[in-house]
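Just final.cif here, mmCIF, C-alpha atoms and all ligand atoms:
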data_coords
loop_
_atom_site.label_atom_id
_atom_site.label_comp_id
_atom_site.auth_asym_id
_atom_site.auth_seq_id
_atom_site.Cartn_x
_atom_site.Cartn_y
_atom_site.Cartn_z
CA MET A 1 37.05 6.75 28.43
CA ARG A 2 34.94 4.78 25.93
CA LYS A 3 31.17 4.45 25.94
CA ILE A 4 29.62 0.99 26.28
CA LYS A 5 26.03 2.17 26.70
CA ALA A 6 24.37 5.37 27.94
CA ASP A 7 26.20 6.41 31.13
CA VAL A 8 28.32 3.22 31.15
CA TYR A 9 31.97 3.66 30.19
CA ALA A 10 35.17 1.62 29.93
CA VAL A 11 37.90 3.52 31.75
CA GLY A 12 40.75 1.01 31.90
CA ALA A 13 44.16 0.89 30.24
CA ILE A 14 45.57 -1.08 27.31
CA ASP A 15 49.02 -2.54 28.01
CA TRP A 16 50.40 -3.29 24.55
CA ASP A 17 53.93 -4.04 25.73
CA ALA A 18 53.32 -6.33 28.72
CA ARG A 19 55.03 -9.66 28.09
CA LEU A 20 54.87 -11.48 31.43
CA PHE A 21 52.04 -11.59 33.96
CA ASP A 22 52.66 -12.44 37.61
CA ARG A 23 56.30 -13.14 36.62
CA LEU A 24 54.98 -16.41 35.20
CA ILE A 25 52.50 -16.15 32.36
CA PRO A 26 53.72 -15.12 28.91
CA LEU A 27 51.58 -12.45 27.27
CA PRO A 28 52.30 -12.74 23.53
CA ASP A 29 49.56 -10.20 22.75
CA GLY A 30 49.80 -7.87 25.77
CA THR A 31 46.74 -7.34 27.96
CA SER A 32 44.33 -4.72 29.25
CA TYR A 33 43.36 -3.72 32.77
CA ASN A 34 39.68 -2.90 32.58
CA SER A 35 37.63 -0.70 34.87
CA TYR A 36 34.14 0.55 34.23
CA LEU A 37 32.31 3.69 35.27
CA ILE A 38 28.54 3.72 35.73
CA LYS A 39 26.84 7.07 36.20
CA GLY A 40 23.49 6.66 37.93
CA SER A 41 21.09 9.54 38.60
CA ASP A 42 22.03 9.50 42.32
CA LYS A 43 25.38 7.74 42.59
CA THR A 44 28.37 6.87 40.44
CA ALA A 45 30.05 3.47 40.63
CA LEU A 46 33.53 2.44 39.50
CA ILE A 47 33.84 -1.30 38.87
CA ASP A 48 37.38 -2.50 39.53
CA THR A 49 39.17 -5.62 40.77
CA VAL A 50 41.31 -6.54 43.75
CA ASP A 51 44.42 -7.07 41.63
CA PRO A 52 47.21 -5.72 43.87
CA ILE A 53 48.94 -3.91 40.98
CA LYS A 54 45.85 -2.20 39.55
CA SER A 55 44.14 -1.56 42.83
CA SER A 56 46.64 1.04 43.96
CA VAL A 57 44.38 3.21 41.78
CA LEU A 58 41.64 2.32 44.23
CA LEU A 59 43.68 3.85 47.04
CA ASP A 60 44.25 7.01 44.98
CA ASN A 61 40.52 7.26 44.37
CA LEU A 62 39.74 6.90 48.05
CA LEU A 63 42.16 9.72 48.82
CA MET A 64 40.66 11.91 46.08
CA PHE A 65 37.04 11.13 46.97
CA PRO A 66 36.90 10.74 50.77
CA ASN A 67 33.13 10.10 50.70
CA ALA A 68 33.51 7.17 48.35
CA LYS A 69 32.88 3.67 49.70
CA VAL A 70 34.33 0.38 48.56
CA VAL A 71 31.40 -1.98 47.96
CA THR A 72 32.53 -5.56 48.15
CA ASN A 73 31.95 -8.93 49.79
CA PRO A 74 33.40 -9.77 53.22
CA LYS A 75 36.21 -11.96 51.80
CA CYS A 76 37.29 -9.29 49.36
CA LYS A 77 37.14 -6.67 52.08
CA GLN A 78 39.63 -8.66 54.12
CA MET A 79 41.87 -9.07 51.07
CA LEU A 80 41.87 -5.35 50.39
CA ILE A 81 42.77 -4.74 54.01
CA ASP A 82 45.56 -7.35 53.83
CA LEU A 83 46.92 -6.45 50.41
CA LEU A 84 46.35 -2.70 50.22
CA ASP A 85 45.98 -1.64 53.82
CA ILE A 86 42.62 0.08 53.25
CA SER A 87 40.90 1.14 56.48
CA GLU A 88 37.85 -0.73 57.86
CA ASP A 89 35.48 2.25 57.62
CA SER A 90 35.92 2.58 53.84
CA PHE A 91 33.78 -0.49 53.17
CA ILE A 92 30.16 -1.45 52.56
CA THR A 93 29.89 -5.24 52.38
CA VAL A 94 27.28 -7.00 50.27
CA GLU A 95 25.95 -10.54 50.22
CA ASP A 96 25.35 -12.74 47.21
CA GLY A 97 22.25 -11.48 45.34
CA GLU A 98 22.11 -8.13 47.14
CA THR A 99 21.36 -5.02 45.09
CA LEU A 100 22.50 -1.41 45.24
CA SER A 101 20.59 1.42 43.60
CA LEU A 102 22.50 4.19 41.85
CA GLY A 103 19.17 5.95 41.19
CA ASN A 104 18.06 5.00 37.70
CA LYS A 105 20.50 2.09 37.54
CA THR A 106 20.65 -0.98 39.78
CA LEU A 107 23.64 -3.16 40.56
CA GLU A 108 23.14 -6.78 41.58
CA PHE A 109 26.09 -8.60 43.10
CA ILE A 110 26.63 -12.22 42.11
CA TYR A 111 29.21 -14.31 43.93
CA ILE A 112 31.23 -16.36 41.44
CA PRO A 113 33.94 -17.80 43.72
CA TRP A 114 37.16 -19.35 42.42
CA VAL A 115 37.21 -17.81 38.98
CA HIS A 116 39.85 -17.36 39.88
CA TRP A 117 40.26 -16.12 43.45
CA PRO A 118 38.05 -17.19 46.38
CA GLU A 119 36.41 -13.78 46.71
CA THR A 120 35.59 -13.22 43.01
CA PHE A 121 32.17 -11.71 42.40
CA GLY A 122 30.41 -10.28 39.39
CA THR A 123 28.20 -7.20 39.16
CA TYR A 124 25.08 -7.27 37.02
CA LEU A 125 23.75 -3.96 35.82
CA LYS A 126 20.07 -4.80 35.60
CA GLU A 127 18.70 -2.02 33.38
CA ASP A 128 21.42 -2.46 30.74
CA LYS A 129 21.80 -6.25 31.11
CA ILE A 130 25.56 -5.96 31.45
CA LEU A 131 27.53 -8.47 33.51
CA PHE A 132 30.81 -7.11 34.85
CA SER A 133 32.39 -10.52 35.26
CA CYS A 134 35.81 -9.78 36.83
CA ASP A 135 38.29 -12.47 35.66
CA PHE A 136 35.52 -14.79 34.41
CA PHE A 137 35.39 -14.73 30.57
CA GLY A 138 38.49 -12.50 30.40
CA ALA A 139 41.43 -12.58 28.00
CA HIS A 140 44.97 -11.29 27.95
CA LEU A 141 44.77 -9.27 24.76
CA ALA A 142 45.75 -5.71 23.95
CA THR A 143 43.43 -4.37 21.25
CA SER A 144 42.12 -0.95 20.31
CA SER A 145 38.66 -2.46 19.83
CA LEU A 146 36.42 -1.97 22.84
CA PHE A 147 34.20 -4.90 21.79
CA VAL A 148 35.23 -8.30 20.48
CA ASP A 149 35.56 -7.84 16.71
CA ASP A 150 37.68 -10.86 15.85
CA GLU A 151 36.32 -13.92 17.63
CA ALA A 152 39.10 -16.26 16.44
CA THR A 153 41.81 -14.11 18.04
CA VAL A 154 39.82 -13.58 21.22
CA TYR A 155 39.03 -17.31 21.40
CA GLU A 156 42.76 -18.13 21.55
CA SER A 157 43.55 -15.40 24.10
CA ALA A 158 40.55 -16.33 26.24
CA LYS A 159 41.47 -20.01 26.10
CA ARG A 160 45.01 -19.14 27.23
CA TYR A 161 43.53 -17.12 30.10
CA TYR A 162 41.16 -19.95 31.05
CA ALA A 163 43.96 -22.53 30.83
CA GLU A 164 46.37 -20.62 33.01
CA ILE A 165 44.09 -19.54 35.83
CA MET A 166 40.62 -21.12 35.60
CA MET A 167 41.35 -24.70 34.58
CA PRO A 168 42.21 -25.87 38.13
CA PHE A 169 38.71 -24.72 39.18
CA ARG A 170 36.69 -26.48 36.47
CA LYS A 171 33.94 -27.56 38.89
CA GLN A 172 33.45 -24.01 40.12
CA VAL A 173 33.54 -22.73 36.54
CA ASN A 174 30.63 -25.02 35.69
CA ALA A 175 28.75 -24.07 38.86
CA ASN A 176 29.19 -20.37 38.11
CA ILE A 177 28.06 -20.75 34.50
CA ALA A 178 24.94 -22.56 35.78
CA LYS A 179 24.37 -19.75 38.27
CA LEU A 180 24.29 -17.19 35.44
CA ASP A 181 21.90 -19.32 33.40
CA GLY A 182 18.67 -17.50 34.24
CA LYS A 183 20.11 -14.01 33.73
CA LYS A 184 19.42 -12.07 30.56
CA ILE A 185 22.92 -10.96 29.62
CA GLU A 186 23.52 -8.77 26.58
CA ILE A 187 27.07 -7.68 27.33
CA ILE A 188 29.89 -9.25 29.35
CA ALA A 189 32.54 -6.80 30.50
CA PRO A 190 35.52 -8.66 32.02
CA SER A 191 38.52 -7.27 33.89
CA HIS A 192 40.97 -8.16 31.09
CA GLY A 193 40.50 -8.16 27.33
CA PRO A 194 37.73 -6.87 25.08
CA VAL A 195 34.05 -6.56 26.02
CA HIS A 196 31.74 -9.29 24.72
CA ASN A 197 28.63 -8.09 22.87
CA ARG A 198 27.84 -11.66 21.79
CA PRO A 199 27.98 -13.35 25.22
CA ASP A 200 27.04 -16.78 23.87
CA PHE A 201 30.38 -16.94 22.03
CA ILE A 202 32.41 -16.89 25.25
CA ILE A 203 29.87 -18.72 27.44
CA ASP A 204 29.69 -21.61 24.94
CA ALA A 205 33.50 -21.71 24.72
CA TYR A 206 33.71 -21.93 28.53
CA LYS A 207 31.06 -24.66 28.60
CA ASP A 208 33.13 -26.67 26.15
CA TRP A 209 36.47 -26.16 27.94
CA ALA A 210 35.02 -26.91 31.38
CA SER A 211 32.99 -29.92 30.22
CA ASP A 212 34.17 -33.49 30.80
CA ASN A 213 34.75 -33.99 27.06
CA VAL A 214 38.29 -34.68 25.90
CA LYS A 215 39.61 -34.79 22.34
CA ASN A 216 41.48 -37.43 20.40
CA GLU A 217 44.74 -35.58 21.08
CA VAL A 218 48.13 -36.41 22.55
CA ILE A 219 50.24 -33.60 23.99
CA ILE A 220 53.98 -34.26 23.98
CA PRO A 221 56.03 -31.84 26.06
CA TYR A 222 59.64 -33.00 25.76
CA VAL A 223 63.26 -32.01 26.17
CA SER A 224 66.38 -33.62 24.78
CA MET A 225 69.99 -32.65 25.44
CA HIS A 226 71.80 -34.82 22.91
CA GLY A 227 69.07 -36.01 20.54
CA SER A 228 67.98 -39.44 21.88
CA VAL A 229 64.63 -38.35 23.27
CA ALA A 230 64.15 -36.05 20.26
CA LYS A 231 64.47 -39.11 17.98
CA MET A 232 61.98 -41.04 20.11
CA VAL A 233 59.53 -38.13 19.99
CA SER A 234 59.89 -37.74 16.25
CA TYR A 235 59.13 -41.43 15.67
CA PHE A 236 56.33 -41.47 18.23
CA VAL A 237 54.60 -38.37 16.81
CA ASP A 238 54.57 -40.03 13.39
CA ALA A 239 53.23 -43.28 14.87
CA LEU A 240 50.34 -41.39 16.49
CA ILE A 241 49.55 -39.45 13.31
CA GLN A 242 49.48 -42.75 11.40
CA ARG A 243 46.83 -43.89 13.86
CA GLY A 244 44.62 -40.85 13.21
CA ILE A 245 45.44 -39.12 16.48
CA THR A 246 46.03 -35.35 16.67
CA VAL A 247 49.44 -34.55 18.17
CA LYS A 248 50.83 -31.38 19.70
CA GLN A 249 54.58 -31.41 20.33
CA PHE A 250 56.27 -28.85 22.60
CA GLU A 251 60.02 -28.41 23.04
CA LEU A 252 60.24 -27.47 26.69
CA ALA A 253 63.51 -25.52 26.83
CA THR A 254 62.27 -22.84 24.41
CA MET A 255 58.49 -23.00 24.55
CA ASP A 256 55.81 -20.57 25.69
CA VAL A 257 54.24 -22.46 28.63
CA GLY A 258 50.92 -20.80 27.81
CA LYS A 259 50.72 -22.85 24.62
CA LEU A 260 51.18 -26.05 26.62
CA ALA A 261 48.50 -24.91 29.07
CA ILE A 262 46.09 -24.23 26.18
CA ALA A 263 46.74 -27.67 24.71
CA LEU A 264 46.06 -29.29 28.08
CA VAL A 265 42.52 -27.84 28.15
CA ASP A 266 41.00 -30.58 26.02
CA ALA A 267 43.55 -33.29 25.18
CA ALA A 268 42.86 -36.87 26.27
CA THR A 269 46.50 -37.85 26.79
CA VAL A 270 49.85 -36.34 27.73
CA VAL A 271 53.19 -38.06 27.15
CA ILE A 272 56.23 -36.35 28.67
CA GLY A 273 59.62 -36.93 27.05
CA SER A 274 62.77 -36.55 29.15
CA PRO A 275 66.37 -37.71 29.42
CA THR A 276 67.70 -38.83 32.80
CA VAL A 277 69.67 -36.03 34.46
CA LEU A 278 71.41 -36.53 37.79
CA THR A 279 69.19 -39.57 38.46
CA GLY A 280 65.91 -37.71 37.79
CA PRO A 281 64.05 -35.99 34.97
CA HIS A 282 65.51 -33.02 33.13
CA PRO A 283 64.42 -29.91 35.13
CA CYS A 284 62.39 -28.63 32.13
CA ALA A 285 60.40 -31.88 32.10
CA ALA A 286 59.94 -31.64 35.88
CA TYR A 287 58.58 -28.11 35.40
CA ALA A 288 56.08 -29.33 32.77
CA ALA A 289 54.91 -32.12 35.10
CA PHE A 290 54.64 -29.73 38.05
CA LEU A 291 52.67 -27.24 35.95
CA ALA A 292 50.31 -29.90 34.58
CA ASN A 293 49.74 -31.10 38.14
CA ALA A 294 48.91 -27.56 39.30
CA LEU A 295 46.59 -26.85 36.35
CA ARG A 296 44.64 -30.10 36.88
CA PRO A 297 43.61 -30.63 33.25
CA LYS A 298 40.92 -33.20 32.49
CA ILE A 299 43.35 -35.53 30.67
CA LYS A 300 42.59 -39.22 31.10
CA PHE A 301 45.91 -40.90 30.29
CA ALA A 302 49.56 -40.09 30.84
CA SER A 303 52.84 -41.72 29.98
CA ILE A 304 56.56 -41.02 29.84
CA ILE A 305 59.15 -41.68 27.18
CA GLY A 306 62.82 -41.14 27.90
CA SER A 307 66.42 -42.16 27.79
CA PHE A 308 69.18 -42.85 30.31
CA GLY A 309 72.90 -43.55 30.27
CA TRP A 310 73.42 -45.77 33.26
CA GLY A 311 70.44 -45.62 35.63
CA GLY A 312 68.15 -43.49 37.77
CA LYS A 313 64.60 -42.86 38.87
CA MET A 314 63.36 -40.53 36.16
CA VAL A 315 59.93 -42.17 35.74
CA GLU A 316 59.29 -42.46 39.49
CA GLN A 317 60.26 -38.84 40.11
CA LEU A 318 58.17 -37.47 37.23
CA THR A 319 55.13 -39.52 38.24
CA ALA A 320 55.46 -38.34 41.83
CA LEU A 321 55.22 -34.74 40.60
CA MET A 322 51.69 -35.31 39.27
CA PRO A 323 49.61 -36.63 42.21
CA ASN A 324 46.63 -34.37 41.36
CA LEU A 325 46.10 -35.88 37.94
CA LYS A 326 43.45 -38.54 38.05
CA VAL A 327 44.93 -40.38 35.11
CA GLU A 328 45.70 -43.90 34.07
CA ILE A 329 49.45 -44.21 33.56
CA LEU A 330 50.22 -46.11 30.38
CA GLU A 331 53.38 -48.27 30.28
CA PRO A 332 56.33 -45.83 29.82
CA VAL A 333 59.07 -46.40 27.25
CA VAL A 334 62.48 -45.69 28.78
CA ILE A 335 65.54 -46.73 26.79
CA LYS A 336 69.31 -46.76 27.08
CA GLY A 337 71.03 -44.16 24.90
CA HIS A 338 69.78 -43.61 21.34
CA PRO A 339 66.66 -45.52 20.20
CA LYS A 340 67.19 -48.82 18.38
CA GLU A 341 64.85 -51.16 16.53
CA ASN A 342 63.29 -52.72 19.64
CA ASP A 343 62.73 -49.27 21.12
CA PHE A 344 60.73 -48.18 18.08
CA VAL A 345 58.61 -51.32 18.49
CA ALA A 346 57.95 -50.28 22.11
CA LEU A 347 56.93 -46.80 20.94
CA ASP A 348 54.54 -48.36 18.40
CA LYS A 349 53.06 -50.42 21.22
CA LEU A 350 52.49 -47.29 23.32
CA ALA A 351 50.82 -45.60 20.32
CA ASP A 352 48.57 -48.68 19.91
CA ASN A 353 47.76 -48.60 23.59
CA ILE A 354 46.76 -44.90 23.38
CA LEU A 355 44.60 -45.57 20.30
CA THR A 356 42.81 -48.40 22.12
CA LYS A 357 42.17 -46.17 25.13
CA HIS A 358 40.89 -43.32 22.95
CA LYS A 359 38.62 -45.77 21.10
CA GLU A 360 37.22 -46.97 24.42
CA LEU A 361 36.36 -43.35 25.24
CA GLY A 362 34.61 -43.06 21.88
CA ILE A 363 36.65 -40.03 20.79
CA THR A 364 38.29 -41.41 17.65
CA LYS A 365 36.79 -40.59 14.27
C1 LIG B 401 74.17 -33.43 32.85
C2 LIG B 401 73.83 -34.87 32.58
C3 LIG B 401 73.46 -35.69 33.62
C4 LIG B 401 73.12 -37.01 33.40
N1 LIG B 401 72.74 -37.79 34.45
C5 LIG B 401 72.39 -39.07 34.23
C6 LIG B 401 71.97 -39.93 35.31
O1 LIG B 401 71.92 -39.52 36.45
N2 LIG B 401 71.60 -41.18 35.03
C7 LIG B 401 71.63 -41.69 33.76
O2 LIG B 401 71.27 -42.81 33.55
N3 LIG B 401 72.03 -40.90 32.72
C8 LIG B 401 72.41 -39.63 32.92
N4 LIG B 401 72.82 -38.85 31.88
C9 LIG B 401 72.88 -39.43 30.55
C10 LIG B 401 71.64 -39.14 29.72
O3 LIG B 401 70.47 -39.44 30.42
C11 LIG B 401 71.66 -39.99 28.45
O4 LIG B 401 72.83 -39.66 27.70
C12 LIG B 401 70.44 -39.82 27.60
O5 LIG B 401 70.50 -40.70 26.50
C13 LIG B 401 70.34 -38.39 27.08
O6 LIG B 401 69.17 -38.20 26.32
P1 LIG B 401 69.13 -37.03 25.21
O7 LIG B 401 70.07 -37.45 24.11
O8 LIG B 401 67.72 -36.98 24.75
O9 LIG B 401 69.57 -35.78 25.88
C14 LIG B 401 73.19 -37.53 32.09
C15 LIG B 401 73.58 -36.70 31.04
C16 LIG B 401 73.89 -35.38 31.27
C17 LIG B 401 74.30 -34.50 30.13
#
Starting from the coordinates I provided, produce the structure as structure tokens.
Ligand SMILES: Cc1cc2nc3c(=O)[nH]c(=O)nc-3n(C[C@H](O)[C@H](O)[C@H](O)COP(=O)(O)O)c2cc1C
Amino acid sequence: MRKIKADVYAVGAIDWDARLFDRLIPLPDGTSYNSYLIKGSDKTALIDTVDPIKSSVLLDNLLMFPNAKVVTNPKCKQMLIDLLDISEDSFITVEDGETLSLGNKTLEFIYIPWVHWPETFGTYLKEDKILFSCDFFGAHLATSSLFVDDEATVYESAKRYYAEIMMPFRKQVNANIAKLDGKKIEIIAPSHGPVHNRPDFIIDAYKDWASDNVKNEVIIPYVSMHGSVAKMVSYFVDALIQRGITVKQFELATMDVGKLAIALVDAATVVIGSPTVLTGPHPCAAYAAFLANALRPKIKFASIIGSFGWGGKMVEQLTALMPNLKVEILEPVVIKGHPKENDFVALDKLADNILTKHKELGITK
């Protein structure tokens, strides 16, 4: 139990050793599962989330404190009934903007849907100007510091968190940031990661990530079995660097997908590299395309570079995996076997094409 302010405590757990969240998301720096205790003069509140793993604690608490009520919104109530089998009479439901007095402390409930579940809501402790923001502004980071003390580290962890679960809901992220605009917030206490005592740091980062701005960057997730695509990528990366474009290359068979997700937050262009395997893309490339499609980054342009032995539908199949991406597809470069002189010319042409497009957006230096 660690004190945030008078009668406000952090009572969660630090999970230093966690390495995979939801059997999907790599956690290079562990995480924390935050809960907060607020002791009012009349009532005590425990702020917690609906996370099915953590919330079994909620059930234990209800058994230990039979008079306790779960205060939540109607959507969350239904989820708790569905996911945790909590009985109907344990709930008090609240509407957006409603308040609850704990005596000398007042809680205001603020609906912030889709960051990142439909029922997400924040709780604003008026007297102390603390926003308990649930997943919003969170980070997967195990640290002994209660408050953010190293903004560079937290920035990376928070961007990973945003990329993996918030990015598909960019519109709602912006709407929710706007909704918080009038509130005087001195502390943001999220459900994962350290507590923010300089809220502008994380709010400004979110505004940037969720804005429509893209950077003069090309992301190249690629895989190569026998070296042909690897040679194409190597040449292509150099061609882009020569043109003043920032490049981020990711080898898909061994990579941390979180790093790819982070890179997708603000890049203008993605170019996937894949060999042809059993008439389609290599499964690792298909996974990258599927993931990018699900994460709905704000990229503007996409293309494919690849190699084949005899024939197939690699480009068609990869493109079909990304229907959500509102991108302009730039002429792919697909070659037979290892790259030869003409193939390098085609890669130069694609690099020129990308530079022209980035110039048109006004994002080149
Ligand atoms: C398991 C396997 C399946 C393949 N299937 C196809 C195919 O269906 N169509 C095709 O044109 N080439 C196919 N190829 C050939 C590769 O696409 C080709 O050799 C390509 O140049 C490999 O690129 P890489 O050197 O970057 O791995 C296959 C190769 C392997 C190893």
*asked:* Can you measure atom C4 of ligand LIG 401 (chain B) to atom CA of Ser274 of chain A for me? One decimal in Å is fine.
replied: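 So the two atoms, atom C4 of ligand LIG 401 (chain B) and atom CA of Ser274 of chain A, lie 11.2 Å apart.
Near ligand LIG 401 (chain B), at a distance of at most 6 Å and with only C-alpha atoms and all ligand atoms counted, sit the residues Ser224, Met225, His226, Gly227, Ser228, Val229, Ala230, Pro275, Thr276, Val277, Leu278, Thr279, Ser307, Phe308, Gly309, Trp310, Gly311, Gly312, Gly337 and His338 of chain A.
Between atom CA of Val214 of chain A and atom CA of Pro190 of chain A lies a distance of 26.9 Å.
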Counting all atoms listed in the file, give me one row per residue of segment 186-290 of chain A with an atom at most 9 Å from an atom of segment 163-174 of chain A, showing the shortest contact pair and its distance in Å to one decimal, sorted by chain then residue number, as a Markdown table.
| residue | atom | partner | partner_atom | distance |
| --- | --- | --- | --- | --- |
| A:Tyr206 | CA | A:Val173 | CA | 8.1 |
| A:Lys207 | CA | A:Asn174 | CA | 7.1 |
| A:Trp209 | CA | A:Met167 | CA | 8.4 |
| A:Ala210 | CA | A:Arg170 | CA | 5.4 |
| A:Ser211 | CA | A:Asn174 | CA | 7.7 |
| A:Gly258 | CA | A:Glu164 | CA | 6.9 |
| A:Ala261 | CA | A:Ala163 | CA | 5.4 |
| A:Ile262 | CA | A:Ala163 | CA | 5.4 |
| A:Ala263 | CA | A:Ala163 | CA | 8.5 |
| A:Leu264 | CA | A:Ala163 | CA | 7.6 |
| A:Val265 | CA | A:Ala163 | CA | 6.1 |
Within 10 Å of (30.5, -14.9, 52.9), in the coordinates the file gives, what residues turn up when you count all atoms listed in the file, written out as a PDB file with C-alpha atoms, keeping the file's coordinate frame?
ATOM      1  CA  ASN A  73      31.950  -8.930  49.790  1.00  0.00           C
ATOM      2  CA  PRO A  74      33.400  -9.770  53.220  1.00  0.00           C
ATOM      3  CA  LYS A  75      36.210 -11.960  51.800  1.00  0.00           C
ATOM      4  CA  CYS A  76      37.290  -9.290  49.360  1.00  0.00           C
ATOM      5  CA  THR A  93      29.890  -5.240  52.380  1.00  0.00           C
ATOM      6  CA  VAL A  94      27.280  -7.000  50.270  1.00  0.00           C
ATOM      7  CA  GLU A  95      25.950 -10.540  50.220  1.00  0.00           C
ATOM      8  CA  ASP A  96      25.350 -12.740  47.210  1.00  0.00           C
ATOM      9  CA  TYR A 111      29.210 -14.310  43.930  1.00  0.00           C
ATOM     10  CA  GLU A 119      36.410 -13.780  46.710  1.00  0.00           C
TER      11      GLU A 119
END
*Top pick for closest residue to Lys357 of chain A, considering A:Glu88, A:Glu217, A:Glu251, A:Glu186 and counting all atoms listed in the file*: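 Of all the options, A:Glu217 lies closest to Lys357 of chain A.
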*Which residue, A:Ala142, A:Ala302, A:Ile92, A:Leu58, has the smallest gap to Ala18 of chain A when you use all atoms listed in the file?*
A:Ala142
*May I ask which of the residues A:Pro66, A:Gly138, A:Pro297, A:Pro323 is the closest one to Ser32 of chain A, counting only C-alpha atoms?*
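The closest residue to Ser32 of chain A is A:Gly138.
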